[in-house]
>>> print(open('my_file-v6.cif').read())   # mmCIF, C-alpha atoms
data_my_file
#
loop_
_atom_site.label_atom_id
_atom_site.label_comp_id
_atom_site.auth_asym_id
_atom_site.auth_seq_id
_atom_site.Cartn_x
_atom_site.Cartn_y
_atom_site.Cartn_z
CA MET A 1 94.74 17.03 -64.33
CA ALA A 2 96.78 20.07 -65.27
CA ILE A 3 95.00 22.64 -67.40
CA PRO A 4 96.69 22.84 -70.83
CA ILE A 5 98.16 26.29 -71.46
CA LEU A 6 100.76 26.44 -74.19
CA LYS A 7 98.75 24.24 -76.54
CA ASN A 8 95.95 26.81 -76.38
CA ILE A 9 98.26 29.81 -76.71
CA GLU A 10 99.94 28.36 -79.79
CA ASN A 11 96.59 28.21 -81.56
CA ILE A 12 95.83 31.88 -81.05
CA SER A 13 96.41 33.82 -84.23
CA SER A 14 96.19 37.30 -82.73
CA ILE A 15 99.32 37.00 -80.56
CA PRO A 16 101.16 40.34 -80.82
CA THR A 17 104.02 40.60 -83.27
CA LEU A 18 107.02 42.90 -83.34
CA PRO A 19 107.32 45.40 -86.21
CA THR A 20 109.35 44.23 -89.20
CA VAL A 21 111.77 47.11 -88.60
CA ILE A 22 113.35 45.06 -85.76
CA GLU A 23 114.35 42.31 -88.15
CA ARG A 24 115.60 44.81 -90.68
CA LEU A 25 117.70 46.51 -87.99
CA THR A 26 119.24 43.22 -86.89
CA ARG A 27 120.24 42.53 -90.49
CA LEU A 28 121.61 46.06 -90.99
CA LEU A 29 123.66 45.92 -87.80
CA GLN A 30 125.31 42.67 -88.87
CA ASN A 31 126.84 44.50 -91.80
CA PRO A 32 129.88 46.56 -90.73
CA LYS A 33 129.40 48.88 -93.70
CA THR A 34 125.97 50.06 -92.58
CA SER A 35 125.84 53.82 -92.03
CA ALA A 36 123.95 55.79 -89.38
CA GLU A 37 121.77 57.25 -92.14
CA GLU A 38 120.69 53.82 -93.32
CA VAL A 39 119.71 52.76 -89.82
CA GLY A 40 117.98 56.08 -89.24
CA LYS A 41 116.01 55.65 -92.47
CA ALA A 42 114.96 52.13 -91.50
CA ILE A 43 113.62 53.35 -88.17
CA THR A 44 111.84 56.41 -89.52
CA THR A 45 109.80 54.32 -91.97
CA ASP A 46 107.71 53.65 -88.86
CA GLN A 47 106.87 57.19 -87.76
CA ALA A 48 105.00 56.27 -84.58
CA LEU A 49 107.90 54.14 -83.48
CA ALA A 50 110.46 56.79 -84.40
CA SER A 51 108.75 59.40 -82.25
CA LYS A 52 108.71 57.02 -79.28
CA VAL A 53 112.37 56.30 -79.78
CA LEU A 54 113.12 60.03 -79.76
CA LYS A 55 111.04 60.45 -76.60
CA LEU A 56 113.08 57.75 -74.86
CA VAL A 57 116.40 59.01 -76.20
CA ASN A 58 115.63 62.45 -74.79
CA SER A 59 114.61 61.18 -71.36
CA ALA A 60 116.78 61.23 -68.27
CA PHE A 61 117.07 57.45 -68.59
CA TYR A 62 119.50 57.72 -71.49
CA GLY A 63 121.12 60.84 -70.16
CA PHE A 64 120.50 63.33 -72.97
CA PRO A 65 117.36 65.13 -71.88
CA GLY A 66 115.90 67.18 -74.69
CA ARG A 67 118.92 67.46 -76.92
CA ILE A 68 118.53 64.88 -79.66
CA SER A 69 116.16 65.74 -82.46
CA THR A 70 116.78 63.10 -85.14
CA ILE A 71 117.25 59.35 -85.13
CA THR A 72 120.52 59.69 -87.03
CA HIS A 73 121.80 62.05 -84.36
CA ALA A 74 120.74 59.54 -81.70
CA ILE A 75 122.72 56.80 -83.45
CA VAL A 76 125.83 58.96 -83.65
CA ILE A 77 125.65 59.80 -79.95
CA LEU A 78 124.36 56.57 -78.44
CA GLY A 79 125.63 54.00 -80.91
CA PHE A 80 123.90 51.40 -83.06
CA SER A 81 123.27 48.78 -80.44
CA THR A 82 121.80 51.16 -77.86
CA VAL A 83 119.43 52.59 -80.44
CA LYS A 84 118.46 49.09 -81.51
CA ASN A 85 117.72 48.25 -77.88
CA ILE A 86 115.61 51.39 -77.57
CA VAL A 87 113.65 50.45 -80.70
CA LEU A 88 113.12 46.96 -79.31
CA THR A 89 111.92 48.32 -75.97
CA ALA A 90 109.52 50.78 -77.62
CA SER A 91 108.18 47.99 -79.85
CA ILE A 92 107.53 45.68 -76.91
CA PHE A 93 105.51 48.39 -75.17
CA ASP A 94 103.64 48.97 -78.42
CA ALA A 95 102.75 45.30 -78.74
CA PHE A 96 101.11 45.29 -75.32
CA ARG A 97 99.61 48.71 -74.89
CA GLY A 98 96.69 48.95 -72.51
CA LYS A 99 96.26 50.44 -69.09
CA GLY A 100 94.12 50.12 -66.03
CA LYS A 101 92.65 46.98 -64.58
CA ASP A 102 92.09 44.16 -66.99
CA ARG A 103 88.64 42.62 -67.11
CA ILE A 104 89.67 39.88 -64.68
CA GLY A 105 91.06 42.41 -62.21
CA PHE A 106 94.74 41.93 -62.95
CA ASP A 107 96.40 45.23 -62.07
CA LEU A 108 98.15 46.09 -65.35
CA GLU A 109 99.52 49.36 -64.00
CA GLY A 110 101.09 47.45 -61.11
CA PHE A 111 102.33 44.81 -63.53
CA TRP A 112 104.13 47.35 -65.71
CA LEU A 113 105.67 49.10 -62.75
CA HIS A 114 106.94 45.74 -61.47
CA SER A 115 108.35 44.96 -64.92
CA ILE A 116 109.99 48.34 -65.41
CA ALA A 117 111.38 48.24 -61.87
CA CYS A 118 112.74 44.75 -62.49
CA GLY A 119 114.44 46.02 -65.65
CA ALA A 120 115.89 48.98 -63.78
CA ALA A 121 117.04 46.75 -60.92
CA SER A 122 118.65 44.32 -63.38
CA LEU A 123 120.51 47.26 -64.89
CA SER A 124 121.59 48.35 -61.41
CA ILE A 125 122.87 44.90 -60.47
CA ALA A 126 124.70 44.61 -63.79
CA LYS A 127 126.40 47.96 -63.10
CA GLN A 128 127.32 46.95 -59.55
CA ILE A 129 128.95 43.70 -60.56
CA GLY A 130 130.63 45.18 -63.63
CA ASN A 131 128.57 43.29 -66.20
CA THR A 132 128.96 44.91 -69.60
CA GLU A 133 125.57 43.89 -70.98
CA LYS A 134 123.60 46.42 -68.95
CA GLU A 135 121.14 47.27 -71.68
CA GLU A 136 120.29 43.65 -72.38
CA CYS A 137 119.81 43.14 -68.66
CA PHE A 138 117.34 46.03 -68.58
CA ILE A 139 115.29 44.53 -71.41
CA ALA A 140 115.52 41.03 -69.90
CA GLY A 141 114.12 42.34 -66.61
CA LEU A 142 111.49 44.37 -68.40
CA ILE A 143 110.12 41.36 -70.29
CA HIS A 144 110.69 38.58 -67.73
CA ASP A 145 106.96 38.27 -66.90
CA LEU A 146 105.52 38.77 -70.40
CA GLY A 147 103.97 35.29 -70.14
CA LYS A 148 101.61 36.62 -67.46
CA LEU A 149 100.39 39.32 -69.82
CA ILE A 150 99.75 36.78 -72.58
CA MET A 151 97.80 34.54 -70.22
CA CYS A 152 95.86 37.45 -68.80
CA ARG A 153 94.87 38.54 -72.28
CA TYR A 154 94.26 35.22 -74.03
CA LEU A 155 93.41 32.77 -71.24
CA PRO A 156 91.79 35.08 -68.67
CA LYS A 157 89.69 32.37 -67.02
CA GLU A 158 92.63 30.11 -66.41
CA PHE A 159 94.89 32.97 -65.34
CA ASN A 160 92.29 34.15 -62.88
CA LEU A 161 92.25 30.70 -61.29
CA ALA A 162 95.97 30.97 -60.62
CA LEU A 163 95.63 34.54 -59.30
CA LYS A 164 92.93 33.47 -56.86
CA ASP A 165 94.80 30.35 -55.85
CA CYS A 166 98.02 32.16 -55.00
CA SER A 167 96.17 34.78 -53.00
CA ASP A 168 94.11 32.15 -51.10
CA LYS A 169 97.09 29.95 -50.37
CA GLU A 170 99.48 32.87 -49.82
CA ARG A 171 102.06 31.62 -52.22
CA LEU A 172 103.79 32.66 -55.43
CA LEU A 173 101.76 32.88 -58.63
CA TYR A 174 104.47 30.69 -60.14
CA GLU A 175 103.79 27.95 -57.56
CA SER A 176 100.07 28.05 -58.28
CA GLU A 177 100.77 27.82 -62.00
CA LEU A 178 103.06 24.83 -61.47
CA GLU A 179 100.30 23.02 -59.66
CA LEU A 180 97.35 24.00 -61.86
CA PHE A 181 98.76 24.33 -65.36
CA SER A 182 100.70 22.29 -67.88
CA GLU A 183 103.03 25.29 -68.32
CA THR A 184 103.79 28.44 -66.30
CA HIS A 185 104.25 32.06 -67.37
CA GLN A 186 107.92 31.21 -67.95
CA GLU A 187 107.15 28.80 -70.82
CA VAL A 188 104.43 31.05 -72.22
CA GLY A 189 106.77 34.05 -72.21
CA GLY A 190 109.52 31.86 -73.62
CA PHE A 191 107.25 30.84 -76.47
CA LEU A 192 106.62 34.50 -77.30
CA THR A 193 110.32 35.47 -77.21
CA GLU A 194 111.10 32.54 -79.52
CA ARG A 195 108.37 33.56 -81.92
CA TRP A 196 109.72 37.11 -81.81
CA ASN A 197 113.19 35.78 -82.53
CA LEU A 198 114.70 37.69 -79.61
CA PRO A 199 118.34 37.02 -78.70
CA VAL A 200 118.84 33.82 -76.68
CA ASN A 201 120.01 35.67 -73.54
CA LEU A 202 116.63 37.44 -73.41
CA GLN A 203 114.74 34.23 -74.19
CA ASN A 204 116.46 32.39 -71.36
CA ALA A 205 115.91 35.13 -68.79
CA VAL A 206 112.19 34.85 -69.54
CA LYS A 207 112.21 31.04 -69.47
CA TYR A 208 114.26 30.47 -66.32
CA HIS A 209 114.06 33.50 -64.01
CA HIS A 210 112.42 31.42 -61.27
CA ASN A 211 114.84 28.53 -61.54
CA PRO A 212 118.11 29.64 -63.14
CA LEU A 213 120.75 26.94 -63.59
CA PRO A 214 124.46 27.58 -64.22
CA THR A 215 124.26 25.11 -67.09
CA HIS A 216 121.88 27.34 -69.05
CA GLU A 217 123.31 29.45 -71.80
CA TYR A 218 123.69 33.13 -70.79
CA TYR A 219 123.19 32.14 -67.19
CA LEU A 220 124.42 35.49 -65.80
CA THR A 221 121.63 37.52 -67.43
CA THR A 222 119.04 35.12 -66.01
CA ALA A 223 120.73 35.20 -62.59
CA ILE A 224 120.63 39.01 -62.57
CA VAL A 225 116.91 39.06 -63.44
CA HIS A 226 116.20 36.38 -60.80
CA CYS A 227 117.80 38.55 -58.16
CA ALA A 228 116.26 41.82 -59.44
CA ASP A 229 112.78 40.28 -59.32
CA ILE A 230 113.25 39.37 -55.65
CA LEU A 231 114.56 42.80 -54.67
CA VAL A 232 111.87 44.86 -56.39
CA ARG A 233 109.14 42.68 -54.87
CA ALA A 234 110.66 43.28 -51.45
CA MET A 235 110.97 47.01 -52.16
CA ASP A 236 107.31 47.06 -53.14
CA PHE A 237 107.62 48.38 -56.68
CA GLY A 238 104.42 47.48 -58.48
CA ASN A 239 102.80 44.07 -58.42
CA GLY A 240 103.32 40.99 -60.55
CA GLY A 241 100.14 39.26 -59.41
CA ASP A 242 101.14 37.85 -56.02
CA ALA A 243 102.24 39.30 -52.70
CA LYS A 244 105.20 37.08 -51.87
CA VAL A 245 108.96 37.26 -52.24
CA PRO A 246 110.67 34.18 -53.73
CA ALA A 247 113.86 32.80 -52.19
CA VAL A 248 117.13 33.72 -53.86
CA SER A 249 118.95 30.79 -55.42
CA GLU A 250 122.18 29.89 -53.61
CA HIS A 251 124.27 29.66 -56.77
CA VAL A 252 122.89 32.96 -58.09
CA TRP A 253 124.03 34.59 -54.88
CA LYS A 254 127.49 33.11 -55.32
CA SER A 255 127.80 33.72 -59.06
CA LEU A 256 126.89 37.38 -58.72
CA GLY A 257 129.28 37.75 -55.78
CA LEU A 258 126.53 39.24 -53.65
CA ASP A 259 128.40 38.45 -50.42
CA SER A 260 130.87 41.19 -51.21
CA ILE A 261 128.21 43.73 -52.23
CA ASP A 262 126.64 46.18 -49.81
CA ILE A 263 122.94 45.42 -50.26
CA ALA A 264 121.96 48.83 -48.82
CA VAL A 265 123.98 50.58 -51.54
CA LEU A 266 122.45 48.31 -54.15
CA LEU A 267 118.92 49.14 -52.96
CA GLU A 268 119.67 52.86 -53.14
CA SER A 269 120.95 52.55 -56.71
CA ILE A 270 117.89 50.50 -57.66
CA GLN A 271 115.65 53.26 -56.29
CA GLN A 272 117.51 55.83 -58.41
CA GLU A 273 117.40 53.67 -61.52
CA VAL A 274 113.67 52.94 -61.14
CA GLU A 275 112.93 56.64 -60.92
CA ARG A 276 115.02 57.35 -64.00
CA ALA A 277 113.07 54.64 -65.80
CA SER A 278 109.76 56.34 -65.01
CA VAL A 279 109.66 57.58 -68.62
CA PHE A 280 108.74 54.03 -69.67
CA ILE A 281 105.52 54.18 -67.67
CA GLN A 282 104.34 56.82 -70.12
CA LEU A 283 104.71 54.30 -72.92
CA THR A 284 102.28 51.80 -71.39
CA MET B 1 98.56 76.21 -53.51
CA LYS B 2 97.42 73.39 -51.29
CA LYS B 3 98.88 70.11 -50.19
CA ILE B 4 96.71 67.05 -50.67
CA LEU B 5 97.06 63.31 -50.24
CA VAL B 6 97.52 61.49 -53.53
CA GLU B 7 94.38 59.42 -52.94
CA ASN B 8 92.41 62.69 -52.96
CA ILE B 9 93.65 63.74 -56.38
CA GLU B 10 90.78 64.54 -58.71
CA ASP B 11 90.65 64.78 -62.48
CA GLY B 12 91.70 68.20 -63.75
CA MET B 13 93.76 69.28 -60.73
CA VAL B 14 97.04 70.99 -61.66
CA LEU B 15 100.40 70.41 -59.97
CA ALA B 16 101.66 73.55 -58.24
CA ARG B 17 105.04 72.04 -57.50
CA GLU B 18 107.07 69.35 -59.19
CA VAL B 19 106.90 65.85 -57.73
CA CYS B 20 110.21 64.23 -56.89
CA GLY B 21 110.89 60.61 -56.04
CA SER B 22 112.82 59.87 -52.86
CA GLY B 23 115.96 59.56 -54.97
CA GLY B 24 115.55 63.20 -56.00
CA ASN B 25 114.55 62.63 -59.61
CA VAL B 26 111.69 64.67 -61.02
CA LEU B 27 108.73 62.40 -61.74
CA LEU B 28 106.21 65.04 -62.80
CA ILE B 29 106.82 68.69 -63.58
CA GLN B 30 104.94 71.67 -62.21
CA GLY B 31 101.83 72.41 -64.26
CA THR B 32 101.06 68.77 -65.00
CA LYS B 33 97.34 68.15 -65.26
CA LEU B 34 96.42 65.42 -62.81
CA SER B 35 93.89 62.62 -62.98
CA THR B 36 92.78 59.90 -60.60
CA ALA B 37 94.73 57.42 -62.75
CA LEU B 38 97.88 59.48 -62.27
CA GLY B 39 97.11 59.62 -58.54
CA HIS B 40 97.00 55.83 -58.47
CA ARG B 41 100.32 55.78 -60.28
CA LEU B 42 101.89 58.16 -57.76
CA GLN B 43 100.63 55.91 -54.98
CA ASN B 44 102.37 53.01 -56.67
CA TRP B 45 105.54 55.07 -56.66
CA GLY B 46 105.24 55.62 -52.92
CA ILE B 47 104.48 59.35 -53.12
CA PRO B 48 102.24 60.31 -50.15
CA SER B 49 101.12 63.84 -51.07
CA VAL B 50 101.42 66.54 -53.73
CA PHE B 51 100.96 70.30 -54.03
CA VAL B 52 98.15 71.37 -56.35
CA GLU B 53 96.91 74.76 -57.44
CA GLY B 54 93.99 76.26 -55.57
CA GLU B 55 93.03 77.77 -52.24
CA GLU B 56 94.40 76.15 -49.15
CA VAL B 57 91.47 74.63 -47.34
CA GLN B 58 93.12 72.73 -44.57
CA ILE B 59 96.40 71.02 -44.10
CA GLU B 60 95.88 67.32 -44.17
CA GLU B 61 97.71 65.42 -41.51
CA GLU B 62 100.72 63.84 -43.10
CA ASN B 63 101.24 61.26 -40.41
CA THR B 64 98.06 59.55 -41.46
CA VAL B 65 99.98 58.61 -44.61
CA SER B 66 103.18 57.07 -43.39
CA VAL B 67 102.95 53.53 -42.15
CA SER B 68 104.00 52.89 -38.57
CA PRO B 69 107.33 51.07 -38.19
CA GLU B 70 105.52 48.09 -36.65
CA GLU B 71 103.08 47.87 -39.53
CA LEU B 72 105.90 48.20 -42.05
CA LYS B 73 107.77 45.35 -40.41
CA SER B 74 104.72 43.10 -40.29
CA GLN B 75 103.87 43.83 -43.95
CA LEU B 76 107.39 42.94 -44.96
CA MET B 77 107.43 39.84 -42.78
CA LYS B 78 104.29 38.66 -44.49
CA LYS B 79 105.99 38.98 -47.86
CA PHE B 80 109.00 37.02 -46.62
CA SER B 81 107.06 34.59 -44.41
CA ARG B 82 107.82 31.46 -46.40
CA VAL B 83 111.42 32.15 -47.27
CA ILE B 84 112.91 33.99 -44.31
CA ASN B 85 114.82 30.87 -43.19
CA LYS B 86 116.31 30.24 -46.62
CA PRO B 87 119.97 31.20 -47.18
CA HIS B 88 120.64 34.97 -47.52
CA MET B 89 116.97 35.89 -47.19
CA SER B 90 117.32 37.31 -43.68
CA LYS B 91 120.13 39.52 -44.98
CA ILE B 92 117.91 40.77 -47.81
CA PHE B 93 115.05 41.21 -45.36
CA SER B 94 116.99 43.42 -42.98
CA ALA B 95 118.52 45.50 -45.79
CA VAL B 96 115.10 46.13 -47.32
CA HIS B 97 113.58 46.74 -43.89
CA ASN B 98 116.17 49.42 -43.09
CA TYR B 99 115.79 50.95 -46.52
CA ARG B 100 112.03 51.20 -46.18
CA LEU B 101 112.20 52.58 -42.65
CA GLN B 102 114.51 55.33 -43.89
CA LYS B 103 112.27 56.05 -46.86
CA ASN B 104 109.27 56.15 -44.55
CA ASN B 105 110.92 58.71 -42.30
CA LYS B 106 111.79 61.09 -45.13
#
>>> encode(input="my_file-v6.cif", output="structure tokens")
Amino acid sequence: MAIPILKNIENISSIPTLPTVIERLTRLLQNPKTSAEEVGKAITTDQALASKVLKLVNSAFYGFPGRISTITHAIVILGFSTVKNIVLTASIFDAFRGKGKDRIGFDLEGFWLHSIACGAASLSIAKQIGNTEKEECFIAGLIHDLGKLIMCRYLPKEFNLALKDCSDKERLLYESELELFSETHQEVGGFLTERWNLPVNLQNAVKYHHNPLPTHEYYLTTAIVHCADILVRAMDFGNGGDAKVPAVSEHVWKSLGLDSIDIAVLLESIQQEVERASVFIQLT
Amino acid sequence: MKKILVENIEDGMVLAREVCGSGGNVLLIQGTKLSTALGHRLQNWGIPSVFVEGEEVQIEEENTVSVSPEELKSQLMKKFSRVINKPHMSKIFSAVHNYRLQKNNK
């Protein structure tokens, strides 16, 4: 019988939460009359978060190294939605801080590198195919495997079973989860993104990155993450818990128009983007 | 200044030269204090060796670091073993293979 997963996760009261500032920001940004000062004030009520946001804003990743000294200035230069995305990213890292090997031997450092690389690769693919939601794609790639982190932290015994199984049978962790558990890291991550009230495009990328379907809402974001995950595994960036590359879905390949894209050029741009994203490693 | 393999990085060593990724971006600046954890991280990033402050003892052979083309191919084939016959996967395989060979030769 399959080991119950989500039922157990739902009962855990210490599941990480996102800071309330995220909700406040979402509300502020819905109002067209909101000023940069108001948003800046909302962010700076959380000083630790504000300093992380400034660190990210001033990194090569956002292209203004060392020139932005206040949140308000960042908003003026980068815009509301970019700053909101930066706050969200910093908050996600905050919710899951912790380095090194976990007690069951899950390589967290490798996990974060895989996640950051997947975000960077998603951003790269979005750029290549002219998708305008690059920043969302970065976050979607960054959080696509959050379910693994939740399982590793709250159901270590069960998660370890799946880790061992996929290594013994030389298959994907996802395949082991499908066989052993009632739910996989996709549903567990999906549960978290719902609880966090993240936008539906991010929720769906987490829920369906292994099996994207064109009928899903915001299919393109999920398709991009699906493809990014495969490429960064092949390129050997980090480690998501298994040593295999999944097959690319036929309709993802078609929808993203990958036949007309030079994969070598794409790989080079992914390499560049991953290096620019190295600032995020310092947040873990 | 001496050149050492990243797996030989010890806590407290100081970078004598900046570390760049193969794309040319600076990953760590000169003067960064190193640790074994950071060494592990650099390994993850595919950096084979770094320059640290201190007397040059001996130059470590760099070719012990880079993987042979045969080994690289077999590692990659193992990753792709169950999907190589699926649509488009051989195209991805050869693109990644070429990319990693080039990176290896740098």
>>> residues_near_point(input="my_file-v6.cif", point="(111.0, 32.7, -46.8)", cutoff="12 Å", atoms="all atoms listed in the file", output="PDB file with C-alpha atoms, keeping the file's coordinate frame")
ATOM      1  CA  GLU A 170      99.480  32.870 -49.820  1.00  0.00           C
ATOM      2  CA  ARG A 171     102.060  31.620 -52.220  1.00  0.00           C
ATOM      3  CA  LEU A 172     103.790  32.660 -55.430  1.00  0.00           C
ATOM      4  CA  ILE A 230     113.250  39.370 -55.650  1.00  0.00           C
ATOM      5  CA  ALA A 234     110.660  43.280 -51.450  1.00  0.00           C
ATOM      6  CA  LYS A 244     105.200  37.080 -51.870  1.00  0.00           C
ATOM      7  CA  VAL A 245     108.960  37.260 -52.240  1.00  0.00           C
ATOM      8  CA  PRO A 246     110.670  34.180 -53.730  1.00  0.00           C
ATOM      9  CA  ALA A 247     113.860  32.800 -52.190  1.00  0.00           C
ATOM     10  CA  VAL A 248     117.130  33.720 -53.860  1.00  0.00           C
ATOM     11  CA  SER A 249     118.950  30.790 -55.420  1.00  0.00           C
TER      12      SER A 249
ATOM     13  CA  LEU B  76     107.390  42.940 -44.960  1.00  0.00           C
ATOM     14  CA  MET B  77     107.430  39.840 -42.780  1.00  0.00           C
ATOM     15  CA  LYS B  78     104.290  38.660 -44.490  1.00  0.00           C
ATOM     16  CA  LYS B  79     105.990  38.980 -47.860  1.00  0.00           C
ATOM     17  CA  PHE B  80     109.000  37.020 -46.620  1.00  0.00           C
ATOM     18  CA  SER B  81     107.060  34.590 -44.410  1.00  0.00           C
ATOM     19  CA  ARG B  82     107.820  31.460 -46.400  1.00  0.00           C
ATOM     20  CA  VAL B  83     111.420  32.150 -47.270  1.00  0.00           C
ATOM     21  CA  ILE B  84     112.910  33.990 -44.310  1.00  0.00           C
ATOM     22  CA  ASN B  85     114.820  30.870 -43.190  1.00  0.00           C
ATOM     23  CA  LYS B  86     116.310  30.240 -46.620  1.00  0.00           C
ATOM     24  CA  PRO B  87     119.970  31.200 -47.180  1.00  0.00           C
ATOM     25  CA  HIS B  88     120.640  34.970 -47.520  1.00  0.00           C
ATOM     26  CA  MET B  89     116.970  35.890 -47.190  1.00  0.00           C
ATOM     27  CA  SER B  90     117.320  37.310 -43.680  1.00  0.00           C
ATOM     28  CA  LYS B  91     120.130  39.520 -44.980  1.00  0.00           C
ATOM     29  CA  ILE B  92     117.910  40.770 -47.810  1.00  0.00           C
ATOM     30  CA  PHE B  93     115.050  41.210 -45.360  1.00  0.00           C
TER      31      PHE B  93
END
>>> residues_around(input="my_file-v6.cif", residues="range 208-217 of chain A", least_positions_apart="6", cutoff="9 Å", atoms="only C-alpha atoms", output="number ranges by chain")
A: 144, 174, 186-187, 190, 200-201, 223-227, 229, 246, 249, 251-252, 255
>>> closest_residue(input="my_file-v6.cif", among="A:Arg153, A:Arg67, A:Lys41, A:Arg276", to="Ala121 in chain A", atoms="all atoms listed in the file")
A:Arg276
>>> resolve_selection(input="my_file-v6.cif", expression="the PyMOL selection byres ((chain A and resi 14) around 12)", output="PyMOL selection string")
chain A and resi 9-13+15-17+95-96+150+153-154
>>> closest_atom_pairs(input="my_file-v6.cif", of="chain A", to="chain B", cutoff="10 Å", atoms="all atoms listed in the file", output="CSV")
residue,atom,partner,partner_atom,distance
A:Ala60,CA,B:Asn25,CA,9.1
A:Lys99,CA,B:Ala37,CA,9.6
A:Gly100,CA,B:Ala37,CA,8.0
A:Glu109,CA,B:Arg41,CA,7.5
A:Gly110,CA,B:Asn44,CA,7.2
A:Leu113,CA,B:Asn44,CA,7.9
A:His114,CA,B:Asn44,CA,9.8
A:Glu170,CA,B:Arg82,CA,9.1
A:Arg171,CA,B:Arg82,CA,8.2
A:Leu172,CA,B:Arg82,CA,10.0
A:Ile230,CA,B:Ile92,CA,9.2
A:Leu231,CA,B:Ile92,CA,7.9
A:Val232,CA,B:Val96,CA,9.7
A:Arg233,CA,B:Lys79,CA,8.5
A:Ala234,CA,B:Val96,CA,6.7
A:Met235,CA,B:Val96,CA,6.4
A:Asp236,CA,B:Asn44,CA,8.5
A:Phe237,CA,B:Asn44,CA,7.0
A:Gly238,CA,B:Asn44,CA,6.2
A:Asn239,CA,B:Asn44,CA,9.1
A:Asp242,CA,B:Lys79,CA,9.6
A:Ala243,CA,B:Lys79,CA,6.1
A:Lys244,CA,B:Lys79,CA,4.5
A:Val245,CA,B:Lys79,CA,5.6
A:Pro246,CA,B:Val83,CA,6.8
A:Ala247,CA,B:Val83,CA,5.5
A:Val248,CA,B:Met89,CA,7.0
A:Ser249,CA,B:Pro87,CA,8.3
A:Glu250,CA,B:Pro87,CA,6.9
A:Trp253,CA,B:His88,CA,8.1
A:Leu258,CA,B:His88,CA,9.5
A:Asp259,CA,B:His88,CA,9.0
A:Asp262,CA,B:Ala95,CA,9.1
A:Ile263,CA,B:Ala95,CA,6.3
A:Ala264,CA,B:Ala95,CA,5.7
A:Val265,CA,B:Ala95,CA,9.4
A:Leu266,CA,B:Ala95,CA,9.7
A:Leu267,CA,B:Tyr99,CA,7.4
A:Glu268,CA,B:Gly23,CA,7.9
A:Ser269,CA,B:Gly23,CA,8.8
A:Ile270,CA,B:Gly23,CA,9.6
A:Gln271,CA,B:Gly23,CA,6.4
A:Gln272,CA,B:Gly23,CA,5.3
A:Glu273,CA,B:Gly23,CA,8.9
A:Val274,CA,B:Gly23,CA,9.3
A:Glu275,CA,B:Asn25,CA,6.3
A:Arg276,CA,B:Asn25,CA,6.9
A:Ala277,CA,B:Leu27,CA,9.8
A:Ser278,CA,B:Leu27,CA,7.0
A:Val279,CA,B:Leu27,CA,8.5
A:Ile281,CA,B:Arg41,CA,9.2
>>> resolve_selection(input="my_file-v6.cif", expression="the PyMOL selection byres ((chain A and resi 18) around 12)", output="number ranges by chain")
A: 15-17, 19-24, 49, 87-96, 192-198
>>> resolve_selection(input="my_file-v6.cif", expression="the PyMOL selection byres ((chain A and resi 81) around 12)", output="ChimeraX atom specification")
/A:22,25-26,28-30,36,39,74-80,82-88,133-136
>>> atom_distance(input="my_file-v6.cif", atom1="CA of Thr184 in chain A", atom2="CA of Phe280 in chain A")
26.3 Å
>>> closest_residue(input="my_file-v6.cif", among="B:Val67, B:Val52, B:Leu15, B:Val6", to="Gly39 in chain B", atoms="only C-alpha atoms")
B:Val6
>>> residues_around(input="my_file-v6.cif", residues="Asp165 in chain A", least_positions_apart="2", cutoff="10 Å", atoms="only C-alpha atoms", output="NGL selection string")
:A and (159-163 or 167-173 or 175-177 or 179-180 or 242)
>>> atom_distance(input="my_file-v6.cif", atom1="CA of Val188 in chain A", atom2="CA of Ala120 in chain A")
22.9 Å
>>> build_atoms(input="my_file-v6.cif", residues="range 37-45 of chain B", atoms="N, CA and C atoms", output="short mmCIF file (atom, residue, chain, number, x, y, z; two decimals), keeping the file's coordinate frame")
data_model
loop_
_atom_site.label_atom_id
_atom_site.label_comp_id
_atom_site.auth_asym_id
_atom_site.auth_seq_id
_atom_site.Cartn_x
_atom_site.Cartn_y
_atom_site.Cartn_z
N ALA B 37 93.82 58.49 -62.30
CA ALA B 37 94.73 57.42 -62.75
C ALA B 37 96.17 57.76 -62.39
N LEU B 38 96.52 59.03 -62.60
CA LEU B 38 97.88 59.48 -62.27
C LEU B 38 98.09 59.41 -60.76
N GLY B 39 97.03 59.71 -60.00
CA GLY B 39 97.11 59.62 -58.54
C GLY B 39 97.43 58.20 -58.10
N HIS B 40 96.77 57.24 -58.76
CA HIS B 40 97.00 55.83 -58.47
C HIS B 40 98.45 55.47 -58.77
N ARG B 41 98.95 56.04 -59.87
CA ARG B 41 100.32 55.78 -60.28
C ARG B 41 101.31 56.33 -59.23
N LEU B 42 101.01 57.55 -58.76
CA LEU B 42 101.89 58.16 -57.76
C LEU B 42 101.90 57.32 -56.48
N GLN B 43 100.72 56.79 -56.16
CA GLN B 43 100.63 55.91 -54.98
C GLN B 43 101.54 54.71 -55.17
N ASN B 44 101.51 54.14 -56.36
CA ASN B 44 102.37 53.01 -56.67
C ASN B 44 103.84 53.37 -56.49
N TRP B 45 104.15 54.63 -56.78
CA TRP B 45 105.54 55.07 -56.66
C TRP B 45 105.91 55.45 -55.22
#
